[in-house]
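A.B. asks: Contents are mmCIF, C-alpha atoms; file name start-v4.cif:
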data_final
#
loop_
_atom_site.group_PDB
_atom_site.id
_atom_site.type_symbol
_atom_site.label_atom_id
_atom_site.label_comp_id
_atom_site.auth_asym_id
_atom_site.auth_seq_id
_atom_site.Cartn_x
_atom_site.Cartn_y
_atom_site.Cartn_z
ATOM 1 C CA MET A 1484 6.841 -13.363 -22.430
ATOM 2 C CA THR A 1485 7.525 -14.535 -18.850
ATOM 3 C CA HIS A 1486 8.207 -11.702 -16.467
ATOM 4 C CA PRO A 1487 11.697 -12.023 -14.901
ATOM 5 C CA SER A 1488 11.526 -13.308 -11.340
ATOM 6 C CA HIS A 1489 14.399 -11.076 -10.221
ATOM 7 C CA CYS A 1490 12.156 -8.043 -10.821
ATOM 8 C CA GLU A 1491 9.326 -9.576 -8.794
ATOM 9 C CA ARG A 1492 11.710 -10.220 -5.894
ATOM 10 C CA ALA A 1493 13.635 -6.997 -6.450
ATOM 11 C CA GLY A 1494 15.287 -5.145 -3.650
ATOM 12 C CA GLY A 1495 17.377 -2.917 -5.878
ATOM 13 C CA ASP A 1496 16.939 0.504 -7.424
ATOM 14 C CA THR A 1497 16.392 -0.470 -11.053
ATOM 15 C CA CYS A 1498 13.642 -1.935 -13.208
ATOM 16 C CA LYS A 1499 14.662 -2.388 -16.833
ATOM 17 C CA CYS A 1500 12.166 -5.000 -18.001
ATOM 18 C CA ARG A 1501 8.995 -4.308 -19.969
ATOM 19 C CA CYS A 1502 6.674 -4.197 -16.944
ATOM 20 C CA ALA A 1503 7.326 -0.449 -16.430
ATOM 21 C CA ASN A 1504 7.608 -1.159 -12.686
ATOM 22 C CA THR A 1505 4.063 -2.547 -12.368
ATOM 23 C CA LEU A 1506 5.467 -5.906 -11.230
ATOM 24 C CA HIS A 1507 8.502 -4.689 -9.314
ATOM 25 C CA GLY A 1508 8.973 -6.185 -5.871
ATOM 26 C CA TRP A 1509 5.398 -6.756 -4.765
ATOM 27 C CA PRO A 1510 4.753 -10.231 -6.292
ATOM 28 C CA GLY A 1511 7.784 -11.575 -4.455
ATOM 29 C CA ALA A 1512 6.625 -9.939 -1.215
ATOM 30 C CA VAL A 1513 3.158 -11.482 -1.538
ATOM 31 C CA SER A 1514 4.709 -14.885 -2.261
ATOM 32 C CA LEU A 1515 6.798 -14.644 0.909
ATOM 33 C CA ILE A 1516 3.698 -13.805 2.939
ATOM 34 C CA ARG A 1517 1.781 -16.752 1.498
ATOM 35 C CA ASP A 1518 4.714 -19.167 1.804
ATOM 36 C CA PRO A 1519 3.780 -21.723 4.499
ATOM 37 C CA ALA A 1520 7.412 -22.246 5.548
ATOM 38 C CA PRO A 1521 7.963 -20.654 8.996
ATOM 39 C CA ASP A 1522 11.377 -19.323 7.931
ATOM 40 C CA ALA A 1523 10.174 -17.832 4.628
ATOM 41 C CA LEU A 1524 11.090 -14.282 5.668
ATOM 42 C CA ASP A 1525 14.367 -15.115 7.413
ATOM 43 C CA ASP A 1526 16.520 -14.425 4.343
ATOM 44 C CA PHE A 1527 14.787 -11.062 3.959
ATOM 45 C CA ARG A 1528 15.612 -10.182 7.600
ATOM 46 C CA GLU A 1529 19.202 -11.363 7.347
ATOM 47 C CA ARG A 1530 19.798 -9.320 4.195
ATOM 48 C CA ALA A 1531 18.486 -6.193 5.924
ATOM 49 C CA ASP A 1532 20.699 -6.856 8.953
ATOM 50 C CA ARG A 1533 23.775 -7.348 6.759
ATOM 51 C CA ARG A 1534 23.090 -4.088 4.963
ATOM 52 C CA TRP A 1535 22.652 -2.243 8.254
ATOM 53 C CA GLU A 1536 25.841 -3.679 9.723
ATOM 54 C CA ALA A 1537 27.769 -2.744 6.565
ATOM 55 C CA ALA A 1538 26.471 0.825 6.750
ATOM 56 C CA GLU A 1539 27.444 1.044 10.435
ATOM 57 C CA ARG A 1540 30.950 -0.299 9.784
ATOM 58 C CA LYS A 1541 31.446 2.208 7.014
ATOM 59 C CA ALA A 1542 30.227 5.019 9.240
ATOM 60 C CA SER A 1543 32.447 3.985 12.149
ATOM 61 C CA GLY A 1544 35.540 4.471 10.010
ATOM 62 C CA SER A 1545 35.385 8.232 10.473
ATOM 63 C CA GLU A 1546 34.146 10.434 13.286
ATOM 64 C CA ASN A 1547 32.801 12.900 10.747
ATOM 65 C CA ARG A 1548 30.914 10.317 8.683
ATOM 66 C CA SER A 1549 27.146 10.552 8.902
ATOM 67 C CA ARG A 1550 25.191 7.678 10.442
ATOM 68 C CA SER A 1551 22.304 8.549 8.163
ATOM 69 C CA THR A 1552 23.773 7.530 4.812
ATOM 70 C CA ILE A 1553 21.939 6.104 1.811
ATOM 71 C CA GLY A 1554 23.174 2.711 3.032
ATOM 72 C CA HIS A 1555 21.503 3.279 6.407
ATOM 73 C CA LYS A 1556 18.302 4.401 4.710
ATOM 74 C CA ARG A 1557 18.121 1.363 2.437
ATOM 75 C CA ALA A 1558 18.794 -1.051 5.287
ATOM 76 C CA ALA A 1559 16.260 0.659 7.549
ATOM 77 C CA VAL A 1560 13.589 0.458 4.850
ATOM 78 C CA ASP A 1561 14.402 -3.219 4.273
ATOM 79 C CA THR A 1562 13.996 -3.887 7.993
ATOM 80 C CA ALA A 1563 10.671 -2.055 7.986
ATOM 81 C CA ARG A 1564 9.512 -3.997 4.930
ATOM 82 C CA GLU A 1565 10.320 -7.280 6.654
ATOM 83 C CA HIS A 1566 8.359 -6.260 9.757
ATOM 84 C CA VAL A 1567 5.374 -5.172 7.678
ATOM 85 C CA LEU A 1568 5.380 -8.466 5.766
ATOM 86 C CA ARG A 1569 5.590 -10.474 8.997
ATOM 87 C CA ALA A 1570 2.702 -8.552 10.528
ATOM 88 C CA LEU A 1571 0.532 -8.989 7.435
ATOM 89 C CA ARG A 1572 1.510 -12.656 7.253
ATOM 90 C CA ALA A 1573 0.318 -13.276 10.819
ATOM 91 C CA VAL A 1574 -3.026 -11.572 10.232
ATOM 92 C CA HIS A 1575 -3.510 -13.314 6.895
ATOM 93 C CA ARG A 1576 -2.759 -16.772 8.256
ATOM 94 C CA THR A 1577 -5.213 -16.236 11.121
ATOM 95 C CA ALA A 1578 -7.916 -15.134 8.695
ATOM 96 C CA GLU A 1579 -7.226 -18.059 6.376
ATOM 97 C CA SER A 1580 -7.382 -20.533 9.250
ATOM 98 C CA ARG A 1581 -10.665 -19.069 10.453
ATOM 99 C CA ALA A 1582 -12.110 -19.187 6.946
ATOM 100 C CA GLU A 1583 -11.109 -22.847 6.533
ATOM 101 C CA HIS A 1584 -13.053 -23.762 9.654
ATOM 102 C CA GLN A 1585 -16.114 -21.736 8.668
ATOM 103 C CA SER A 1586 -16.407 -22.615 4.982
ATOM 104 C CA PRO A 1587 -16.319 -25.783 2.869
ATOM 105 C CA PRO A 1588 -13.116 -26.366 0.880
ATOM 106 C CA PRO A 1589 -12.990 -24.307 -2.336
ATOM 107 C CA ASP A 1590 -13.330 -25.990 -5.705
ATOM 108 C CA SER A 1591 -9.803 -26.952 -6.727
ATOM 109 C CA THR A 1592 -10.561 -25.855 -10.275
ATOM 110 C CA SER A 1593 -11.464 -22.315 -9.267
ATOM 111 C CA ASP A 1594 -9.032 -19.440 -8.902
ATOM 112 C CA ASP A 1595 -9.754 -17.319 -5.861
ATOM 113 C CA GLY A 1596 -6.358 -15.608 -5.892
ATOM 114 C CA ALA A 1597 -4.939 -17.801 -3.119
ATOM 115 C CA THR A 1598 -2.293 -19.178 -5.443
ATOM 116 C CA GLY A 1599 -0.325 -16.010 -4.839
ATOM 117 C CA SER A 1600 2.246 -14.200 -6.886
ATOM 118 C CA GLY A 1601 5.681 -15.411 -7.785
ATOM 119 C CA ALA A 1602 8.161 -16.352 -10.465
ATOM 120 C CA GLY A 1603 6.604 -17.160 -13.778
ATOM 121 C CA ARG A 1604 3.986 -14.404 -13.652
ATOM 122 C CA GLN A 1605 3.245 -13.302 -17.175
ATOM 123 C CA GLU A 1606 4.418 -9.844 -18.106
ATOM 124 C CA SER A 1607 1.940 -7.447 -19.671
ATOM 125 C CA PRO A 1608 1.515 -8.668 -23.274
ATOM 126 C CA PRO A 1609 1.102 -6.404 -26.287
ATOM 127 C CA PRO A 1610 -2.414 -4.986 -26.750
ATOM 128 C CA PRO A 1611 -4.937 -7.651 -27.845
ATOM 129 C CA THR A 1612 -5.364 -7.971 -31.570
ATOM 130 C CA SER A 1613 -8.417 -10.259 -31.518
ATOM 131 C CA ASP A 1614 -11.798 -10.552 -29.845
ATOM 132 C CA GLU A 1615 -10.588 -13.642 -28.013
ATOM 133 C CA GLU A 1616 -7.668 -11.779 -26.429
ATOM 134 C CA ALA A 1617 -9.927 -8.872 -25.521
ATOM 135 C CA ASP A 1618 -12.371 -11.291 -23.863
ATOM 136 C CA THR A 1619 -9.519 -12.843 -21.890
ATOM 137 C CA ALA A 1620 -8.413 -9.413 -20.667
ATOM 138 C CA ALA A 1621 -12.000 -8.592 -19.675
ATOM 139 C CA ARG A 1622 -12.269 -11.827 -17.675
ATOM 140 C CA GLU A 1623 -8.981 -11.101 -15.922
ATOM 141 C CA ARG A 1624 -10.176 -7.607 -14.989
ATOM 142 C CA ALA A 1625 -13.481 -8.984 -13.701
ATOM 143 C CA ASP A 1626 -11.667 -11.622 -11.645
ATOM 144 C CA THR A 1627 -9.341 -9.047 -10.087
ATOM 145 C CA ASP A 1628 -12.279 -6.748 -9.326
ATOM 146 C CA ARG A 1629 -14.140 -9.616 -7.664
ATOM 147 C CA ARG A 1630 -11.156 -10.614 -5.536
ATOM 148 C CA LEU A 1631 -10.595 -7.007 -4.473
ATOM 149 C CA ALA A 1632 -14.252 -6.606 -3.501
ATOM 150 C CA THR A 1633 -14.239 -9.851 -1.489
ATOM 151 C CA ALA A 1634 -10.723 -9.567 -0.035
ATOM 152 C CA ARG A 1635 -10.469 -10.820 3.539
ATOM 153 C CA THR A 1636 -7.082 -9.335 4.413
ATOM 154 C CA ASP A 1637 -4.697 -6.590 3.378
ATOM 155 C CA VAL A 1638 -2.541 -9.239 1.685
ATOM 156 C CA ASP A 1639 -5.447 -10.026 -0.649
ATOM 157 C CA ARG A 1640 -5.911 -6.306 -1.284
ATOM 158 C CA VAL A 1641 -2.209 -5.694 -1.965
ATOM 159 C CA GLU A 1642 -2.169 -8.484 -4.529
ATOM 160 C CA ALA A 1643 -5.394 -7.376 -6.224
ATOM 161 C CA VAL A 1644 -4.362 -3.712 -6.438
ATOM 162 C CA GLY A 1645 -0.920 -4.772 -7.662
ATOM 163 C CA GLU A 1646 -2.552 -6.727 -10.479
ATOM 164 C CA LEU A 1647 -4.714 -3.705 -11.276
ATOM 165 C CA LEU A 1648 -1.590 -1.699 -12.116
ATOM 166 C CA GLY A 1649 -0.626 -3.991 -14.981
ATOM 167 C CA GLN A 1650 -4.224 -4.180 -16.190
ATOM 168 C CA VAL A 1651 -4.488 -0.395 -16.144
ATOM 169 C CA LEU A 1652 -1.327 -0.156 -18.240
ATOM 170 C CA ASP A 1653 -2.745 -2.730 -20.682
ATOM 171 C CA GLN A 1654 -5.983 -0.750 -21.006
ATOM 172 C CA VAL A 1655 -4.101 2.475 -21.622
ATOM 173 C CA GLU A 1656 -2.223 0.785 -24.463
ATOM 174 C CA ARG A 1657 -5.477 -0.475 -25.918
ATOM 175 C CA ASP A 1658 -6.821 3.077 -25.813
ATOM 176 C CA PHE A 1659 -3.722 4.946 -27.005
ATOM 177 C CA GLY A 1660 -1.648 2.323 -28.754
ATOM 178 C CA PRO A 1661 1.638 0.732 -27.601
ATOM 179 C CA LEU A 1662 3.713 2.983 -25.382
ATOM 180 C CA GLY A 1663 7.230 3.759 -26.485
ATOM 181 C CA THR A 1664 10.337 2.523 -24.733
ATOM 182 C CA GLY A 1665 11.028 6.009 -23.412
ATOM 183 C CA THR A 1666 7.570 6.289 -21.872
ATOM 184 C CA ARG A 1667 7.862 2.904 -20.197
ATOM 185 C CA ALA A 1668 11.304 3.781 -18.874
ATOM 186 C CA ALA A 1669 9.948 7.036 -17.466
ATOM 187 C CA MET A 1670 7.027 5.209 -15.838
ATOM 188 C CA ALA A 1671 9.505 2.855 -14.170
ATOM 189 C CA GLU A 1672 10.939 5.878 -12.342
ATOM 190 C CA HIS A 1673 8.498 6.087 -9.419
ATOM 191 C CA PHE A 1674 5.344 6.708 -11.501
ATOM 192 C CA TRP A 1675 3.229 3.914 -9.978
ATOM 193 C CA CYS A 1676 4.386 4.355 -6.392
ATOM 194 C CA GLU A 1677 3.760 8.111 -6.690
ATOM 195 C CA LEU A 1678 0.278 7.364 -8.047
ATOM 196 C CA LEU A 1679 -0.357 5.242 -4.958
ATOM 197 C CA VAL A 1680 0.989 8.019 -2.723
ATOM 198 C CA GLN A 1681 -1.336 10.579 -4.303
ATOM 199 C CA LEU A 1682 -4.300 8.219 -3.855
ATOM 200 C CA VAL A 1683 -3.403 7.849 -0.178
ATOM 201 C CA VAL A 1684 -3.096 11.606 0.330
ATOM 202 C CA VAL A 1685 -6.352 12.486 -1.426
ATOM 203 C CA ILE A 1686 -8.342 9.687 0.249
ATOM 204 C CA GLU A 1687 -7.086 10.866 3.645
ATOM 205 C CA GLU A 1688 -8.044 14.465 2.854
ATOM 206 C CA ALA A 1689 -11.461 13.380 1.590
ATOM 207 C CA LYS A 1690 -11.994 11.236 4.698
ATOM 208 C CA ARG A 1691 -11.200 14.174 6.972
ATOM 209 C CA ALA A 1692 -13.547 16.442 4.989
ATOM 210 C CA TRP A 1693 -16.289 13.793 5.012
ATOM 211 C CA ASP A 1694 -15.962 13.237 8.760
ATOM 212 C CA ALA A 1695 -16.071 16.998 9.350
ATOM 213 C CA ILE A 1696 -19.381 17.535 7.492
ATOM 214 C CA PRO A 1697 -21.652 17.454 10.579
ATOM 215 C CA GLN A 1698 -19.301 19.747 12.535
ATOM 216 C CA VAL A 1699 -19.028 22.270 9.689
ATOM 217 C CA VAL A 1700 -22.773 22.222 9.003
ATOM 218 C CA GLY A 1701 -23.567 22.489 12.701
ATOM 219 C CA LYS A 1702 -21.280 25.486 13.151
ATOM 220 C CA GLN A 1703 -22.718 27.336 10.160
ATOM 221 C CA LEU A 1704 -26.280 26.469 11.220
ATOM 222 C CA ASP A 1705 -25.634 27.760 14.729
ATOM 223 C CA GLU A 1706 -24.393 31.079 13.357
ATOM 224 C CA VAL A 1707 -27.540 31.503 11.222
ATOM 225 C CA VAL A 1708 -30.310 30.358 13.557
ATOM 226 C CA ASN A 1709 -28.876 32.056 16.612
ATOM 227 C CA ALA A 1710 -28.245 35.401 14.923
ATOM 228 C CA GLY A 1711 -31.435 36.850 16.487
ATOM 229 C CA ARG A 1712 -32.627 37.113 20.056
ATOM 230 C CA ARG A 1713 -33.979 33.583 20.331
ATOM 231 C CA LYS A 1714 -31.227 31.138 21.135
ATOM 232 C CA ILE A 1715 -31.041 27.413 20.514
ATOM 233 C CA PRO A 1716 -28.426 25.732 22.680
ATOM 234 C CA ALA A 1717 -25.315 24.884 20.677
ATOM 235 C CA GLU A 1718 -25.420 21.275 21.867
ATOM 236 C CA VAL A 1719 -28.964 20.931 20.499
ATOM 237 C CA VAL A 1720 -27.889 22.330 17.124
ATOM 238 C CA SER A 1721 -24.932 19.960 17.046
ATOM 239 C CA ALA A 1722 -26.946 16.925 18.098
ATOM 240 C CA CYS A 1723 -29.668 17.537 15.502
ATOM 241 C CA THR A 1724 -27.079 17.979 12.772
ATOM 242 C CA LYS A 1725 -25.159 14.819 13.690
ATOM 243 C CA GLN A 1726 -28.334 12.746 14.025
ATOM 244 C CA LEU A 1727 -29.685 13.838 10.648
ATOM 245 C CA TRP A 1728 -26.353 13.235 8.922
ATOM 246 C CA THR A 1729 -26.030 9.794 10.518
ATOM 247 C CA ARG A 1730 -29.551 8.805 9.457
ATOM 248 C CA LEU A 1731 -28.946 10.033 5.889
ATOM 249 C CA THR A 1732 -25.660 8.202 5.461
ATOM 250 C CA GLU A 1733 -27.025 4.983 6.969
ATOM 251 C CA ALA A 1734 -30.303 5.049 5.017
ATOM 252 C CA LEU A 1735 -28.630 5.790 1.685
ATOM 253 C CA GLY A 1736 -25.564 3.641 2.265
ATOM 254 C CA LEU A 1737 -23.220 6.584 1.756
ATOM 255 C CA THR A 1738 -20.073 4.671 2.683
ATOM 256 C CA GLY A 1739 -17.942 5.240 -0.413
ATOM 257 C CA ILE A 1740 -15.254 7.197 1.393
ATOM 258 C CA GLU A 1741 -15.218 4.649 4.229
ATOM 259 C CA GLN A 1742 -14.624 1.865 1.713
ATOM 260 C CA ALA A 1743 -11.845 3.865 0.071
ATOM 261 C CA ALA A 1744 -10.274 4.576 3.457
ATOM 262 C CA ALA A 1745 -10.286 0.837 4.213
ATOM 263 C CA LEU A 1746 -7.872 0.432 1.295
ATOM 264 C CA LEU A 1747 -5.282 2.780 2.806
ATOM 265 C CA PRO A 1748 -3.152 0.122 4.576
ATOM 266 C CA ALA A 1749 -2.979 -1.970 1.397
ATOM 267 C CA LEU A 1750 -2.180 1.042 -0.792
ATOM 268 C CA ARG A 1751 0.581 2.086 1.607
ATOM 269 C CA THR A 1752 2.023 -1.422 1.797
ATOM 270 C CA LEU A 1753 1.996 -1.805 -1.975
ATOM 271 C CA ALA A 1754 3.778 1.527 -2.411
ATOM 272 C CA VAL A 1755 6.466 0.541 0.120
ATOM 273 C CA VAL A 1756 7.236 -2.847 -1.500
ATOM 274 C CA LEU A 1757 6.765 -1.640 -5.096
ATOM 275 C CA CYS A 1758 8.961 1.461 -4.853
ATOM 276 C CA LYS A 1759 12.441 0.810 -6.210
ATOM 277 C CA SER A 1760 14.086 3.154 -3.730
ATOM 278 C CA PRO A 1761 12.018 4.736 -0.922
ATOM 279 C CA PRO A 1762 15.126 6.621 0.325
ATOM 280 C CA ARG A 1763 15.046 8.507 -2.987
ATOM 281 C CA HIS A 1764 11.249 8.879 -2.922
ATOM 282 C CA PRO A 1765 10.500 10.866 0.255
ATOM 283 C CA ALA A 1766 6.726 10.877 -0.327
ATOM 284 C CA VAL A 1767 6.627 7.079 0.056
ATOM 285 C CA VAL A 1768 8.482 7.345 3.364
ATOM 286 C CA ARG A 1769 6.309 10.186 4.669
ATOM 287 C CA HIS A 1770 2.837 9.143 3.540
ATOM 288 C CA CYS A 1771 3.136 5.358 3.359
ATOM 289 C CA LEU A 1772 5.904 3.992 5.567
ATOM 290 C CA ASP A 1773 5.460 6.274 8.581
ATOM 291 C CA PRO A 1774 1.699 5.559 8.948
ATOM 292 C CA LEU A 1775 2.478 1.814 8.957
ATOM 293 C CA GLN A 1776 4.516 2.228 12.151
ATOM 294 C CA GLU A 1777 1.998 0.187 14.162
ATOM 295 C CA LEU A 1778 3.214 -2.868 12.222
ATOM 296 C CA LEU A 1779 6.888 -2.231 13.013
ATOM 297 C CA LEU A 1780 8.939 -3.638 15.847
ATOM 298 C CA ASP A 1781 11.307 -1.451 17.826
ATOM 299 C CA LYS A 1782 14.357 -2.452 15.738
ATOM 300 C CA ALA A 1783 12.831 -1.076 12.538
ATOM 301 C CA LYS A 1784 11.616 2.081 14.254
ATOM 302 C CA ALA A 1785 15.033 2.763 15.764
ATOM 303 C CA ARG A 1786 16.803 2.246 12.443
ATOM 304 C CA LEU A 1787 14.305 4.425 10.595
ATOM 305 C CA LYS A 1788 14.639 7.162 13.211
ATOM 306 C CA GLN A 1789 18.421 7.145 12.838
ATOM 307 C CA ALA A 1790 18.286 7.103 9.045
ATOM 308 C CA PHE A 1791 15.503 9.629 8.390
ATOM 309 C CA GLY A 1792 14.608 12.985 9.888
ATOM 310 C CA ALA A 1793 11.448 13.789 11.837
ATOM 311 C CA SER A 1794 9.999 15.671 8.857
ATOM 312 C CA LEU A 1795 9.662 12.395 6.947
ATOM 313 C CA LEU A 1796 8.781 10.158 9.886
ATOM 314 C CA PRO A 1797 6.870 12.329 12.385
ATOM 315 C CA GLU A 1798 4.875 9.467 13.910
ATOM 316 C CA ILE A 1799 7.882 7.218 14.448
ATOM 317 C CA HIS A 1800 10.010 10.029 15.890
ATOM 318 C CA ALA A 1801 7.174 11.045 18.212
ATOM 319 C CA ARG A 1802 6.704 7.455 19.351
ATOM 320 C CA LEU A 1803 10.394 6.998 20.201
ATOM 321 C CA GLU A 1804 10.985 10.326 21.935
#
If you convert what's in this file into structure tokens, what do you get?
C.D. replies:
Amino acid sequence: MTHPSHCERAGGDTCKCRCANTLHGWPGAVSLIRDPAPDALDDFRERADRRWEAAERKASGSENRSRSTIGHKRAAVDTAREHVLRALRAVHRTAESRAEHQSPPPDSTSDDGATGSGAGRQESPPPPTSDEEADTAARERADTDRRLATARTDVDRVEAVGELLGQVLDQVERDFGPLGTGTRAAMAEHFWCELLVQLVVVIEEAKRAWDAIPQVVGKQLDEVVNAGRRKIPAEVVSACTKQLWTRLTEALGLTGIEQAAALLPALRTLAVVLCKSPPRHPAVVRHCLDPLQELLLDKAKARLKQAFGASLLPEIHARLE
């Protein structure tokens, strides 16, 4: 069954097809980024501007009407999405151009993921019922894993992780049997974007804990070794601890958390374009949209600041104060 293109390009608050929101919004966003036409994102920008102007006109009709309505929030998020896509598009095109000059042309028969995502993408089929179908699913998973591991840009990572969502759902159905309509409908209500949010939060916490290891160890070591009369300068304790930790991590290649942290921009971007309604999903705004503020132009930041409070967008509010 062909997945409906209107879901892949979706900018609305609903997802009623069988994809359970795994293909909502992001394939269309990736297609716009990969589209070589210079005006590919202009319609996206104009739609956001029209929505913002409509929200402002409605608000101007009454002195008591809030200028932070759901209409303002939706338009502000759309503006931010457009800025994020433009920023990723610029970086991706630069990387692609550099790669073309450094490498021979790829085999036209191979699929390196550069074909992008768009209308006609196949919706998650029922669980395989034959060895041939299972082999096909295994090859698709291996191909996605390879493209994620060799991704050059965040656009490549967004697309690969987006494809992982549907493959994960397929695997769950192979393990547990077909999911009921009610379960799929429930999963379409912010399940996947919340999963991405939780990944972002935990990876950030783990990164902070990992980075703090030499400081924590050094502090505890200083308290133990300097408990008696003989004193070792604190800077010596700290330097020895940091040097040993650096040598251990480099020698053993302990970079797992660093590799996970490198995925954060792609995970955040995917959550922002996948989520059906970030204004109704505050965690996406707080943990995914706000940290992407470096990719936003002033227009998006100003609209977001007007539409959302500082508790959801602390970085953007701090930047504009």
A.B. asks: So, counting only C-alpha atoms, which residue among A:Ser1514, A:Gln1789, A:Gln1650, A:Gln1703 is closest to A:Arg1572?
C.D. replies: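 Under the stated criterion, the closest residue is A:Ser1514.
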A.B. asks: Could you give me, as CSV, a per-residue list for stretch 1500-1581 of chain A showing, wherever an atom lies at most 8 Å from an atom of stretch 1658-1678 of chain A, the closest pair of atoms and their distance in Å to one decimal, using all atoms listed in the file and sorting by chain then residue number from low to high?
C.D. replies:
residue,atom,partner,partner_atom,distance
A:Arg1501,CA,A:Arg1667,CA,7.3
A:Cys1502,CA,A:Arg1667,CA,7.9
A:Ala1503,CA,A:Ala1671,CA,4.6
A:Asn1504,CA,A:Ala1671,CA,4.7
A:Thr1505,CA,A:Trp1675,CA,6.9
A.B. asks: Using all atoms listed in the file, which of the listed residues (A:Leu1757, A:Pro1716, A:Leu1506, A:Glu1804) sits closest to A:Leu1652?
C.D. replies: A:Leu1506
A.B. asks: From the set A:His1555, A:Arg1629, A:Arg1528, A:Lys1714, which residue has the shortest atom-to-atom contact distance to A:Lys1541, counting all atoms listed in the file?
C.D. replies: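 Checking each of A:His1555, A:Arg1629, A:Arg1528, A:Lys1714 against A:Lys1541, counting all atoms listed in the file, the winner is A:His1555.
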A.B. asks: To one decimal place in Å, what is the distance between atom CA of A:Ala1801 and atom CA of A:His1770?
C.D. replies: 15.4 Å
A.B. asks: May I ask for the distance between atom CA of A:Arg1640 and atom CA of A:Ala1745, given in Å to one decimal place?
C.D. replies: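 Separation between atom CA of A:Arg1640 and atom CA of A:Ala1745: 10.0 Å.
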A.B. asks: Report, in Å to a single decimal, how far apart atom CA of A:Leu1747 and atom CA of A:Glu1583 are.
C.D. replies: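 Computing it gives 26.5 Å between the two atoms.
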A.B. asks: Find the residue from A:Leu1682, A:Val1720, A:Arg1534, A:Ser1543 that sits nearest to A:Ala1558; use all atoms listed in the file when measuring.
C.D. replies: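 Closest to A:Ala1558 of all the choices is A:Arg1534.
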A.B. asks: Could you list the residues chosen by the PyMOL selection byres ((chain A and resi 1690) around 12) in this structure as an mmCIF file with C-alpha atoms, in the coordinates of the input?
C.D. replies:
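Contents of expr.cif, freshly written:
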data_model
loop_
_atom_site.group_PDB
_atom_site.id
_atom_site.type_symbol
_atom_site.label_atom_id
_atom_site.label_comp_id
_atom_site.auth_asym_id
_atom_site.auth_seq_id
_atom_site.Cartn_x
_atom_site.Cartn_y
_atom_site.Cartn_z
ATOM 1 C CA LEU A 1682 -4.300 8.219 -3.855
ATOM 2 C CA VAL A 1683 -3.403 7.849 -0.178
ATOM 3 C CA VAL A 1684 -3.096 11.606 0.330
ATOM 4 C CA VAL A 1685 -6.352 12.486 -1.426
ATOM 5 C CA ILE A 1686 -8.342 9.687 0.249
ATOM 6 C CA GLU A 1687 -7.086 10.866 3.645
ATOM 7 C CA GLU A 1688 -8.044 14.465 2.854
ATOM 8 C CA ALA A 1689 -11.461 13.380 1.590
ATOM 9 C CA ARG A 1691 -11.200 14.174 6.972
ATOM 10 C CA ALA A 1692 -13.547 16.442 4.989
ATOM 11 C CA TRP A 1693 -16.289 13.793 5.012
ATOM 12 C CA ASP A 1694 -15.962 13.237 8.760
ATOM 13 C CA ALA A 1695 -16.071 16.998 9.350
ATOM 14 C CA ILE A 1696 -19.381 17.535 7.492
ATOM 15 C CA THR A 1738 -20.073 4.671 2.683
ATOM 16 C CA GLY A 1739 -17.942 5.240 -0.413
ATOM 17 C CA ILE A 1740 -15.254 7.197 1.393
ATOM 18 C CA GLU A 1741 -15.218 4.649 4.229
ATOM 19 C CA GLN A 1742 -14.624 1.865 1.713
ATOM 20 C CA ALA A 1743 -11.845 3.865 0.071
ATOM 21 C CA ALA A 1744 -10.274 4.576 3.457
ATOM 22 C CA ALA A 1745 -10.286 0.837 4.213
ATOM 23 C CA LEU A 1747 -5.282 2.780 2.806
#
